[in-house]
file query.cif (mmCIF, C-alpha atoms)
data_target
loop_
_atom_site.label_atom_id
_atom_site.label_comp_id
_atom_site.auth_asym_id
_atom_site.auth_seq_id
_atom_site.Cartn_x
_atom_site.Cartn_y
_atom_site.Cartn_z
CA MET S 206 0.00 0.00 0.00
CA GLY S 207 1.50 3.34 -1.07
CA VAL S 208 2.17 6.18 1.35
CA LEU S 209 -0.51 8.36 -0.25
CA ARG S 210 -3.12 5.61 0.12
CA LYS S 211 -2.20 5.23 3.80
CA LEU S 212 -2.73 8.95 4.32
CA PHE S 213 -6.24 8.56 2.91
CA PHE S 214 -7.13 5.83 5.40
CA PRO S 215 -9.42 8.08 7.54
CA PHE S 216 -11.45 8.82 4.41
CA SER S 217 -11.70 5.07 3.78
CA VAL S 218 -13.17 4.62 7.26
CA LEU S 219 -15.71 7.37 6.56
CA TYR S 220 -16.58 5.94 3.15
CA SER S 221 -16.95 2.46 4.61
CA SER S 222 -19.24 3.75 7.36
CA VAL S 223 -21.53 5.51 4.88
CA VAL S 224 -21.73 2.42 2.66
CA TYR S 225 -22.36 0.21 5.71
CA LEU S 226 -25.27 2.41 6.86
CA ARG S 227 -26.78 2.46 3.36
CA ASN S 228 -26.70 -1.34 3.16
CA ARG S 229 -28.26 -1.72 6.60
CA LEU S 230 -31.10 0.63 5.61
CA TYR S 231 -31.85 -1.72 2.72
CA ASP S 232 -31.52 -4.80 4.95
CA TRP S 233 -33.93 -3.29 7.50
CA GLY S 234 -36.46 -2.40 4.81
CA ILE S 235 -36.22 1.36 5.35
CA PHE S 236 -34.90 1.64 1.82
CA ARG S 237 -36.88 -0.65 -0.49
CA SER S 238 -35.53 -3.15 -3.00
CA LYS S 239 -37.80 -4.20 -5.85
CA THR S 240 -38.17 -7.71 -7.24
CA TYR S 241 -39.44 -8.59 -10.72
CA GLN S 242 -41.33 -11.41 -12.35
CA THR S 243 -38.62 -11.62 -14.99
CA PRO S 244 -35.58 -13.51 -13.64
CA VAL S 245 -32.83 -10.93 -13.03
CA ILE S 246 -29.25 -12.22 -12.82
CA CYS S 247 -26.79 -9.67 -11.43
CA ILE S 248 -23.08 -9.82 -12.33
CA GLY S 249 -20.85 -7.51 -10.34
CA ASN S 250 -17.96 -7.05 -7.94
CA LEU S 251 -17.03 -5.21 -4.78
CA SER S 252 -14.06 -3.43 -6.32
CA VAL S 253 -13.80 -0.62 -8.88
CA GLY S 254 -13.03 -2.95 -11.78
CA GLY S 255 -10.58 -5.38 -13.29
CA THR S 256 -12.43 -8.62 -12.53
CA GLY S 257 -13.51 -9.54 -16.06
CA LYS S 258 -17.23 -8.67 -15.90
CA THR S 259 -17.78 -8.16 -19.64
CA PRO S 260 -16.38 -11.53 -20.77
CA MET S 261 -18.37 -13.12 -17.93
CA VAL S 262 -21.58 -11.50 -19.20
CA GLU S 263 -20.73 -12.80 -22.66
CA LEU S 264 -20.20 -16.29 -21.25
CA LEU S 265 -23.62 -16.17 -19.53
CA ILE S 266 -25.20 -15.07 -22.81
CA ASN S 267 -23.66 -18.09 -24.52
CA LEU S 268 -25.02 -20.36 -21.78
CA LEU S 269 -28.54 -18.93 -21.89
CA HIS S 270 -29.47 -17.49 -25.28
CA GLN S 271 -30.31 -20.80 -26.98
CA LYS S 272 -32.98 -21.58 -24.38
CA TYR S 273 -34.13 -18.12 -23.32
CA LYS S 274 -34.85 -14.68 -24.70
CA VAL S 275 -32.01 -12.72 -23.07
CA ALA S 276 -31.73 -9.00 -22.37
CA VAL S 277 -28.68 -7.22 -20.97
CA LEU S 278 -29.03 -4.02 -18.96
CA SER S 279 -26.03 -1.89 -18.00
CA ARG S 280 -25.64 1.64 -16.69
CA GLY S 281 -23.41 2.47 -19.69
CA TYR S 282 -20.42 3.86 -17.85
CA LYS S 283 -18.88 7.01 -19.43
CA ARG S 284 -21.40 7.16 -22.27
CA SER S 285 -22.39 10.54 -23.66
CA SER S 286 -26.14 9.81 -23.69
CA LYS S 287 -28.63 10.16 -20.85
CA GLY S 288 -31.49 8.05 -19.56
CA TYR S 289 -32.69 4.82 -21.15
CA VAL S 290 -31.06 3.90 -24.47
CA LEU S 291 -31.85 0.76 -26.46
CA ALA S 292 -29.08 -0.54 -28.73
CA THR S 293 -29.99 -0.57 -32.44
CA GLU S 294 -28.05 -0.89 -35.69
CA ASN S 295 -27.61 2.91 -35.68
CA THR S 296 -26.25 3.08 -32.13
CA LYS S 297 -22.66 4.27 -31.66
CA VAL S 298 -20.20 3.34 -28.94
CA HIS S 299 -20.56 6.71 -27.18
CA ASP S 300 -24.33 6.13 -26.92
CA LEU S 301 -23.92 2.94 -24.89
CA GLY S 302 -20.41 2.93 -23.44
CA ASP S 303 -17.68 0.57 -24.60
CA GLU S 304 -18.72 -2.58 -22.70
CA PRO S 305 -22.45 -2.66 -23.65
CA TYR S 306 -21.48 -1.74 -27.21
CA GLN S 307 -19.05 -4.67 -27.31
CA ILE S 308 -21.79 -7.05 -26.18
CA PHE S 309 -24.28 -5.65 -28.70
CA SER S 310 -21.70 -5.94 -31.50
CA LYS S 311 -21.17 -9.64 -30.80
CA PHE S 312 -24.69 -10.82 -29.98
CA ASN S 313 -27.31 -9.51 -32.40
CA GLN S 314 -29.88 -11.97 -31.01
CA VAL S 315 -29.68 -10.36 -27.55
CA ILE S 316 -31.48 -7.20 -26.43
CA VAL S 317 -29.02 -4.64 -25.02
CA ALA S 318 -29.99 -1.45 -23.20
CA VAL S 319 -28.42 1.04 -20.80
CA ASP S 320 -29.99 3.05 -18.00
CA THR S 321 -28.54 4.42 -14.77
CA ASP S 322 -32.03 3.92 -13.30
CA ARG S 323 -32.05 0.13 -13.26
CA GLN S 324 -35.68 -0.10 -12.14
CA ASN S 325 -36.79 1.99 -15.10
CA GLY S 326 -34.56 0.00 -17.46
CA ILE S 327 -35.97 -3.34 -16.31
CA GLU S 328 -39.55 -2.09 -16.55
CA ARG S 329 -38.97 -0.76 -20.08
CA LEU S 330 -37.49 -4.10 -21.15
CA GLU S 331 -40.38 -6.03 -19.62
CA ILE S 332 -42.99 -3.87 -21.36
CA ASP S 333 -41.31 -3.66 -24.76
CA PHE S 334 -39.69 -7.11 -25.12
CA LYS S 335 -40.88 -9.47 -22.35
CA PRO S 336 -37.47 -11.19 -22.03
CA ASP S 337 -37.15 -14.56 -20.29
CA VAL S 338 -34.11 -13.40 -18.33
CA ILE S 339 -32.34 -10.08 -17.77
CA LEU S 340 -28.59 -9.94 -17.13
CA LEU S 341 -27.91 -6.92 -14.92
CA ASP S 342 -24.33 -5.86 -15.62
CA ASP S 343 -22.19 -4.29 -12.88
CA ALA S 344 -25.05 -3.86 -10.41
CA PHE S 345 -23.97 -5.58 -7.19
CA GLN S 346 -24.16 -2.24 -5.35
CA HIS S 347 -27.50 -1.31 -6.94
CA ARG S 348 -29.69 -2.29 -4.00
CA LYS S 349 -32.86 -0.75 -5.51
CA VAL S 350 -33.18 -3.99 -7.49
CA LYS S 351 -33.20 -7.34 -5.71
CA PRO S 352 -31.96 -9.88 -8.25
CA LEU S 353 -33.03 -13.47 -8.43
CA MET S 354 -29.35 -14.44 -8.32
CA ALA S 355 -26.20 -12.39 -7.71
CA ILE S 356 -22.84 -13.49 -9.10
CA LEU S 357 -19.85 -11.80 -7.48
CA LEU S 358 -16.49 -11.65 -9.27
CA THR S 359 -13.19 -11.13 -7.47
CA SER S 360 -9.76 -11.14 -9.10
CA PHE S 361 -7.05 -13.51 -7.89
CA HIS S 362 -4.63 -10.57 -7.88
CA ARG S 363 -6.90 -8.47 -5.66
CA LEU S 364 -9.20 -10.68 -3.59
CA TYR S 365 -11.86 -8.61 -1.88
CA HIS S 366 -11.20 -9.99 1.61
CA THR S 367 -7.61 -8.64 1.52
CA ASP S 368 -8.58 -5.23 0.10
CA TRP S 369 -9.70 -1.93 1.66
CA CYS S 370 -12.43 0.55 0.82
CA LEU S 371 -11.72 3.57 -1.35
CA PRO S 372 -9.58 5.63 -1.43
CA THR S 373 -7.02 3.54 0.52
CA GLY S 374 -7.98 0.39 -1.35
CA HIS S 375 -10.11 -0.50 -4.35
CA LEU S 376 -13.38 -1.60 -2.72
CA ARG S 377 -16.53 0.40 -3.40
CA ASP S 378 -18.54 -1.78 -1.03
CA ASN S 379 -17.89 -3.50 2.29
CA ARG S 380 -16.34 -6.96 2.24
CA LYS S 381 -19.22 -8.51 4.21
CA GLU S 382 -21.64 -7.66 1.40
CA ALA S 383 -20.23 -10.71 -0.39
CA ARG S 384 -22.79 -12.65 1.65
CA ARG S 385 -25.47 -11.48 -0.81
CA ALA S 386 -23.90 -13.45 -3.66
CA ALA S 387 -25.23 -16.90 -4.52
CA MET S 388 -21.99 -17.64 -6.36
CA ILE S 389 -18.50 -16.15 -6.06
CA ILE S 390 -16.17 -16.54 -9.03
CA VAL S 391 -12.46 -16.00 -8.45
CA THR S 392 -11.24 -14.77 -11.83
CA LYS S 393 -7.84 -14.34 -13.50
CA MET S 394 -6.34 -17.31 -11.70
CA PRO S 395 -2.91 -18.56 -12.84
CA PRO S 396 -3.73 -21.43 -15.23
CA ASN S 397 -1.30 -23.71 -13.35
CA CYS S 398 -2.85 -23.02 -9.94
CA THR S 399 -3.18 -26.24 -7.96
CA LYS S 400 -6.28 -27.68 -6.33
CA THR S 401 -4.68 -27.14 -2.91
CA GLN S 402 -4.12 -23.44 -3.65
CA ARG S 403 -7.72 -23.04 -4.80
CA LEU S 404 -8.98 -24.73 -1.64
CA GLU S 405 -6.90 -22.35 0.49
CA ILE S 406 -8.44 -19.35 -1.29
CA LYS S 407 -11.94 -20.76 -0.84
CA GLN S 408 -11.38 -21.25 2.88
CA SER S 409 -9.95 -17.74 3.26
CA LEU S 410 -13.12 -16.23 1.76
CA LYS S 411 -15.16 -17.67 4.68
CA ILE S 412 -18.29 -18.16 2.61
CA ASN S 413 -21.70 -19.13 3.94
CA SER S 414 -22.91 -22.71 3.61
CA ASP S 415 -25.38 -21.80 0.85
CA GLN S 416 -22.77 -20.06 -1.33
CA LYS S 417 -20.75 -21.60 -4.14
CA VAL S 418 -17.18 -20.70 -5.14
CA ILE S 419 -15.68 -21.53 -8.51
CA PHE S 420 -12.41 -20.51 -10.17
CA SER S 421 -11.65 -19.24 -13.67
CA TYR S 422 -8.65 -18.13 -15.67
CA LEU S 423 -8.37 -16.02 -18.81
CA LYS S 424 -8.01 -17.80 -22.11
CA TYR S 425 -6.54 -15.70 -24.92
CA ASN S 426 -7.53 -16.24 -28.53
CA LYS S 427 -4.39 -16.87 -30.56
CA LEU S 428 -6.13 -15.52 -33.67
CA LEU S 429 -6.16 -11.72 -33.66
CA GLN S 430 -9.20 -9.75 -34.71
CA GLY S 431 -9.82 -6.21 -35.91
CA LYS S 432 -8.76 -4.46 -39.10
CA GLY S 433 -5.00 -4.52 -38.80
CA PRO S 434 -2.41 -6.50 -40.78
CA LEU S 435 -1.64 -8.96 -37.97
CA LYS S 436 -3.52 -12.26 -38.02
CA SER S 437 -2.22 -14.37 -35.14
CA ILE S 438 -0.21 -14.15 -31.95
CA ASP S 439 2.81 -15.44 -33.90
CA ASP S 440 2.69 -12.36 -36.13
CA LEU S 441 3.53 -10.24 -33.09
CA LYS S 442 6.97 -11.76 -32.69
CA ASP S 443 9.96 -9.89 -34.07
CA LYS S 444 7.82 -6.81 -34.74
CA LYS S 445 7.61 -3.43 -33.07
CA ILE S 446 4.28 -3.62 -31.23
CA SER S 447 2.46 -0.73 -29.57
CA LEU S 448 0.04 -2.07 -26.96
CA VAL S 449 -2.85 0.29 -26.14
CA THR S 450 -4.87 -0.37 -22.98
CA GLY S 451 -7.54 1.64 -21.19
CA ILE S 452 -8.68 -1.01 -18.73
CA ALA S 453 -8.60 -1.34 -14.94
CA ASP S 454 -6.01 -4.13 -14.84
CA ALA S 455 -3.76 -4.86 -17.82
CA SER S 456 -1.34 -7.07 -15.86
CA PRO S 457 -2.72 -10.44 -17.08
CA LEU S 458 -2.37 -9.33 -20.71
CA LEU S 459 1.16 -8.06 -20.10
CA LEU S 460 2.04 -11.39 -18.49
CA TYR S 461 0.60 -13.27 -21.47
CA LEU S 462 2.63 -11.23 -23.96
CA ASN S 463 5.79 -11.64 -21.87
CA GLU S 464 5.28 -15.39 -21.66
CA ASN S 465 5.01 -15.49 -25.44
CA LYS S 466 8.24 -13.48 -25.74
CA ILE S 467 6.58 -10.55 -27.48
CA SER S 468 8.29 -7.17 -27.22
CA TYR S 469 6.05 -4.12 -26.98
CA GLU S 470 5.76 -0.54 -25.81
CA HIS S 471 2.82 -0.09 -23.46
CA LEU S 472 0.61 2.95 -24.01
CA ASN S 473 -1.34 2.74 -20.77
CA PHE S 474 -4.47 4.87 -20.30
CA LYS S 475 -7.02 5.00 -17.49
CA ASP S 476 -9.98 2.64 -17.47
CA HIS S 477 -12.67 3.67 -20.01
CA HIS S 478 -10.40 6.45 -21.29
CA ASN S 479 -12.06 8.76 -23.81
CA PHE S 480 -9.44 9.02 -26.54
CA THR S 481 -8.76 12.53 -27.77
CA ALA S 482 -7.70 13.86 -31.16
CA GLU S 483 -4.13 14.05 -29.84
CA ASP S 484 -4.33 10.42 -28.72
CA PHE S 485 -5.51 9.32 -32.15
CA LYS S 486 -2.72 11.30 -33.82
CA LEU S 487 -0.18 9.44 -31.67
CA LEU S 488 -1.75 6.04 -32.31
CA LYS S 489 -1.89 6.56 -36.07
CA SER S 490 1.88 7.09 -36.06
CA LYS S 491 2.46 3.56 -34.71
CA ALA S 492 3.26 0.74 -37.09
CA ASN S 493 1.52 -2.18 -35.33
CA LEU S 494 -1.27 -1.35 -32.90
CA LEU S 495 -2.51 -4.02 -30.53
CA THR S 496 -5.27 -3.50 -27.99
CA THR S 497 -8.00 -5.16 -25.93
CA GLU S 498 -11.46 -5.86 -27.30
CA LYS S 499 -13.04 -3.24 -25.05
CA ASP S 500 -10.57 -0.57 -26.15
CA TYR S 501 -11.02 -1.55 -29.78
CA MET S 502 -14.67 -0.48 -29.56
CA ARG S 503 -13.49 3.09 -28.96
CA LEU S 504 -10.59 3.00 -31.41
CA LYS S 505 -11.89 1.28 -34.53
CA ASP S 506 -13.66 4.28 -36.07
CA ASN S 507 -10.65 6.56 -35.62
CA VAL S 508 -7.64 4.34 -36.27
CA ASP S 509 -7.18 2.68 -39.67
CA ALA S 510 -5.17 -0.36 -38.61
CA CYS S 511 -5.58 -1.96 -35.21
CA ASN S 512 -5.79 -5.54 -33.92
CA TYR S 513 -7.13 -6.84 -30.65
CA ILE S 514 -6.83 -9.99 -28.56
CA SER S 515 -10.15 -11.42 -27.44
CA ILE S 516 -10.47 -13.31 -24.15
CA THR S 517 -12.86 -15.78 -22.56
CA HIS S 518 -13.18 -17.27 -19.09
CA ALA S 519 -12.11 -20.89 -18.72
CA PHE S 520 -12.84 -22.85 -15.54
CA PHE S 521 -11.09 -25.29 -13.28
CA ASP S 522 -12.67 -28.69 -12.55
CA ASP S 523 -16.45 -28.61 -13.06
CA GLY S 524 -16.80 -24.86 -12.48
CA LEU S 525 -18.62 -24.22 -15.75
CA GLU S 526 -21.08 -27.03 -15.06
CA GLN S 527 -21.72 -25.64 -11.56
CA LEU S 528 -22.40 -22.19 -12.97
CA GLU S 529 -24.77 -23.54 -15.62
CA SER S 530 -26.58 -25.66 -13.03
CA GLU S 531 -27.04 -22.73 -10.62
CA LEU S 532 -28.43 -20.56 -13.40
CA ALA S 533 -30.85 -23.24 -14.61
CA THR S 534 -32.08 -23.99 -11.08
CA ALA S 535 -32.61 -20.32 -10.22
CA ILE S 536 -34.51 -19.55 -13.44
CA LYS S 537 -36.63 -22.70 -13.24
CA THR S 538 -37.55 -22.04 -9.60
CA ASN S 539 -38.51 -18.46 -10.43
CA VAL S 540 -40.69 -19.52 -13.35
CA GLN S 541 -42.50 -22.11 -11.19
CA PHE S 542 -43.03 -19.53 -8.43
CA PHE S 543 -44.76 -17.05 -10.74
CA CYS S 544 -46.83 -19.66 -12.62
#

call {"tool": "encode", "arguments": {"input": "query.cif", "output": "structure tokens"}}
result
Amino acid sequence: MGVLRKLFFPFSVLYSSVVYLRNRLYDWGIFRSKTYQTPVICIGNLSVGGTGKTPMVELLINLLHQKYKVAVLSRGYKRSSKGYVLATENTKVHDLGDEPYQIFSKFNQVIVAVDTDRQNGIERLEIDFKPDVILLDDAFQHRKVKPLMAILLTSFHRLYHTDWCLPTGHLRDNRKEARRAAMIIVTKMPPNCTKTQRLEIKQSLKINSDQKVIFSYLKYNKLLQGKGPLKSIDDLKDKKISLVTGIADASPLLLYLNENKISYEHLNFKDHHNFTAEDFKLLKSKANLLTTEKDYMRLKDNVDACNYISITHAFFDDGLEQLESELATAIKTNVQFFC
């Protein structure tokens, strides 16, 4: 922990106290949470980012869309629009935000909308589309909606139970709020992590008896995508690569490139960075641009040649089967309850 973060510790205590009181007001029923007939699955975290939410939402879409009519609702972080926005073929990235736009670009059979007022967004989706299930992206702290099932992500590199509240640490919610999650997924695990190490992490989280914990690691696609001249990870070797990232945690990608002996300069921007004209001028001067899929959504219309590496979550043991089973059970139970 840096010296500056230590100096901010009193503010962390204050922040934590305010968040604690807010959560208790919801728990006591003074602030009301609303439930919906449509199954709502929440995917979120306790930290400010870097846990792999977007690829996890995409994985859930792949698990569900063949059986159910799926809608995705996000707040649309750092978008230029206001209120409720439904994604259409004319929608631009700045209308939705990079992450919802990425999802919409990949899944044309899925309804995608953004709204900071999640209750309004859910109600609009129910009236206009009557989806079978709504995936509520990045909404673990949004207590105005009580989801059917909450999935909490925590990164191996920054487990929530070892972290502190902002601004000393990276938590935007208290650690104990993890108890509201039906399933906790520890993401970005080292692929060679042993079963003993995973068991130690599970025990350290001190979960409740009704909670499940599974473990995932990032799997990188060796075939590059985008509109650049590079086609595979092998094309990156022996070339001058400029890596552009505007994400919360680029360390797993850097590790992957280092392990593959790829040399690069790292142009590191803040998470969800809004690229400026000066930024684009710099990037256009680079011979071989490489970026993440999320960043590509903001770059592709302004940079002629740029490739990205796509990622997916892969699971240890029967983690994927456990996740699929929990989803199916929750949705089936909800449908029976309202019939």

call {"tool": "resolve_selection", "arguments": {"input": "query.cif", "expression": "the PyMOL selection byres ((chain S and resi 428) around 9)", "output": "VMD selection string"}}
result
chain S and resid 425 to 427 429 to 430 436 to 439 514 to 515

call {"tool": "residues_around", "arguments": {"input": "query.cif", "residues": "Phe213 (chain S)", "least_positions_apart": "6", "cutoff": "12 Å", "atoms": "only C-alpha atoms", "output": "PyMOL selection string"}}
result
chain S and resi 206-207+219-220+369-374

call {"tool": "atom_distance", "arguments": {"input": "query.cif", "atom1": "CA of Lys442 (chain S)", "atom2": "CA of Asn493 (chain S)"}}
result
11.3 Å

call {"tool": "closest_residue", "arguments": {"input": "query.cif", "among": "S:Lys393, S:Lys311, S:Arg377, S:His270", "to": "Leu460 (chain S)", "atoms": "only C-alpha atoms"}}
result
S:Lys393

call {"tool": "resolve_selection", "arguments": {"input": "query.cif", "expression": "the PyMOL selection byres ((chain S and resi 381) around 12)", "output": "PDB file with C-alpha atoms, keeping the file's coordinate frame"}}
result
ATOM      1  CA  SER S 221     -16.950   2.460   4.610  1.00  0.00           C
ATOM      2  CA  VAL S 224     -21.730   2.420   2.660  1.00  0.00           C
ATOM      3  CA  TYR S 225     -22.360   0.210   5.710  1.00  0.00           C
ATOM      4  CA  ASN S 228     -26.700  -1.340   3.160  1.00  0.00           C
ATOM      5  CA  ARG S 229     -28.260  -1.720   6.600  1.00  0.00           C
ATOM      6  CA  LEU S 251     -17.030  -5.210  -4.780  1.00  0.00           C
ATOM      7  CA  TYR S 365     -11.860  -8.610  -1.880  1.00  0.00           C
ATOM      8  CA  HIS S 366     -11.200  -9.990   1.610  1.00  0.00           C
ATOM      9  CA  THR S 367      -7.610  -8.640   1.520  1.00  0.00           C
ATOM     10  CA  ASP S 368      -8.580  -5.230   0.100  1.00  0.00           C
ATOM     11  CA  TRP S 369      -9.700  -1.930   1.660  1.00  0.00           C
ATOM     12  CA  CYS S 370     -12.430   0.550   0.820  1.00  0.00           C
ATOM     13  CA  LEU S 376     -13.380  -1.600  -2.720  1.00  0.00           C
ATOM     14  CA  ASP S 378     -18.540  -1.780  -1.030  1.00  0.00           C
ATOM     15  CA  ASN S 379     -17.890  -3.500   2.290  1.00  0.00           C
ATOM     16  CA  ARG S 380     -16.340  -6.960   2.240  1.00  0.00           C
ATOM     17  CA  GLU S 382     -21.640  -7.660   1.400  1.00  0.00           C
ATOM     18  CA  ALA S 383     -20.230 -10.710  -0.390  1.00  0.00           C
ATOM     19  CA  ARG S 384     -22.790 -12.650   1.650  1.00  0.00           C
ATOM     20  CA  ARG S 385     -25.470 -11.480  -0.810  1.00  0.00           C
ATOM     21  CA  ALA S 386     -23.900 -13.450  -3.660  1.00  0.00           C
ATOM     22  CA  LEU S 410     -13.120 -16.230   1.760  1.00  0.00           C
ATOM     23  CA  LYS S 411     -15.160 -17.670   4.680  1.00  0.00           C
ATOM     24  CA  ILE S 412     -18.290 -18.160   2.610  1.00  0.00           C
ATOM     25  CA  ASN S 413     -21.700 -19.130   3.940  1.00  0.00           C
TER      26      ASN S 413
END

call {"tool": "residues_around", "arguments": {"input": "query.cif", "residues": "region 456-459 of chain S", "least_positions_apart": "5", "cutoff": "12 Å", "atoms": "all atoms listed in the file", "output": "ChimeraX atom specification"}}
result
/S:255-257,360-363,392-396,422-426,448-451,464-473,495-498,513-516

call {"tool": "atom_distance", "arguments": {"input": "query.cif", "atom1": "CA of Asp415 (chain S)", "atom2": "CA of Ile390 (chain S)"}}
result
14.5 Å

call {"tool": "resolve_selection", "arguments": {"input": "query.cif", "expression": "the PyMOL selection byres ((chain S and resi 299) around 9)", "output": "PDB file with C-alpha atoms, in the coordinates of the input"}}
result
ATOM      1  CA  LYS S 283     -18.880   7.010 -19.430  1.00  0.00           C
ATOM      2  CA  ARG S 284     -21.400   7.160 -22.270  1.00  0.00           C
ATOM      3  CA  SER S 285     -22.390  10.540 -23.660  1.00  0.00           C
ATOM      4  CA  SER S 286     -26.140   9.810 -23.690  1.00  0.00           C
ATOM      5  CA  THR S 296     -26.250   3.080 -32.130  1.00  0.00           C
ATOM      6  CA  LYS S 297     -22.660   4.270 -31.660  1.00  0.00           C
ATOM      7  CA  VAL S 298     -20.200   3.340 -28.940  1.00  0.00           C
ATOM      8  CA  ASP S 300     -24.330   6.130 -26.920  1.00  0.00           C
ATOM      9  CA  LEU S 301     -23.920   2.940 -24.890  1.00  0.00           C
ATOM     10  CA  GLY S 302     -20.410   2.930 -23.440  1.00  0.00           C
ATOM     11  CA  ASP S 303     -17.680   0.570 -24.600  1.00  0.00           C
ATOM     12  CA  TYR S 306     -21.480  -1.740 -27.210  1.00  0.00           C
ATOM     13  CA  ARG S 503     -13.490   3.090 -28.960  1.00  0.00           C
TER      14      ARG S 503
END

call {"tool": "atom_distance", "arguments": {"input": "query.cif", "atom1": "CA of Leu488 (chain S)", "atom2": "CA of Ala510 (chain S)"}}
result
9.6 Å

call {"tool": "closest_residue", "arguments": {"input": "query.cif", "among": "S:Ala533, S:Leu212, S:Val319, S:Leu358", "to": "Pro305 (chain S)", "atoms": "all atoms listed in the file"}}
result
S:Val319

call {"tool": "closest_residue", "arguments": {"input": "query.cif", "among": "S:Ile389, S:Met502, S:Val508, S:Leu532", "to": "Phe485 (chain S)", "atoms": "only C-alpha atoms"}}
result
S:Val508

call {"tool": "residues_around", "arguments": {"input": "query.cif", "residues": "Leu528 (chain S)", "least_positions_apart": "2", "cutoff": "12 Å", "atoms": "all atoms listed in the file", "output": "ChimeraX atom specification"}}
result
/S:261,264-265,268-269,354-356,387-390,416-421,519-526,530-535
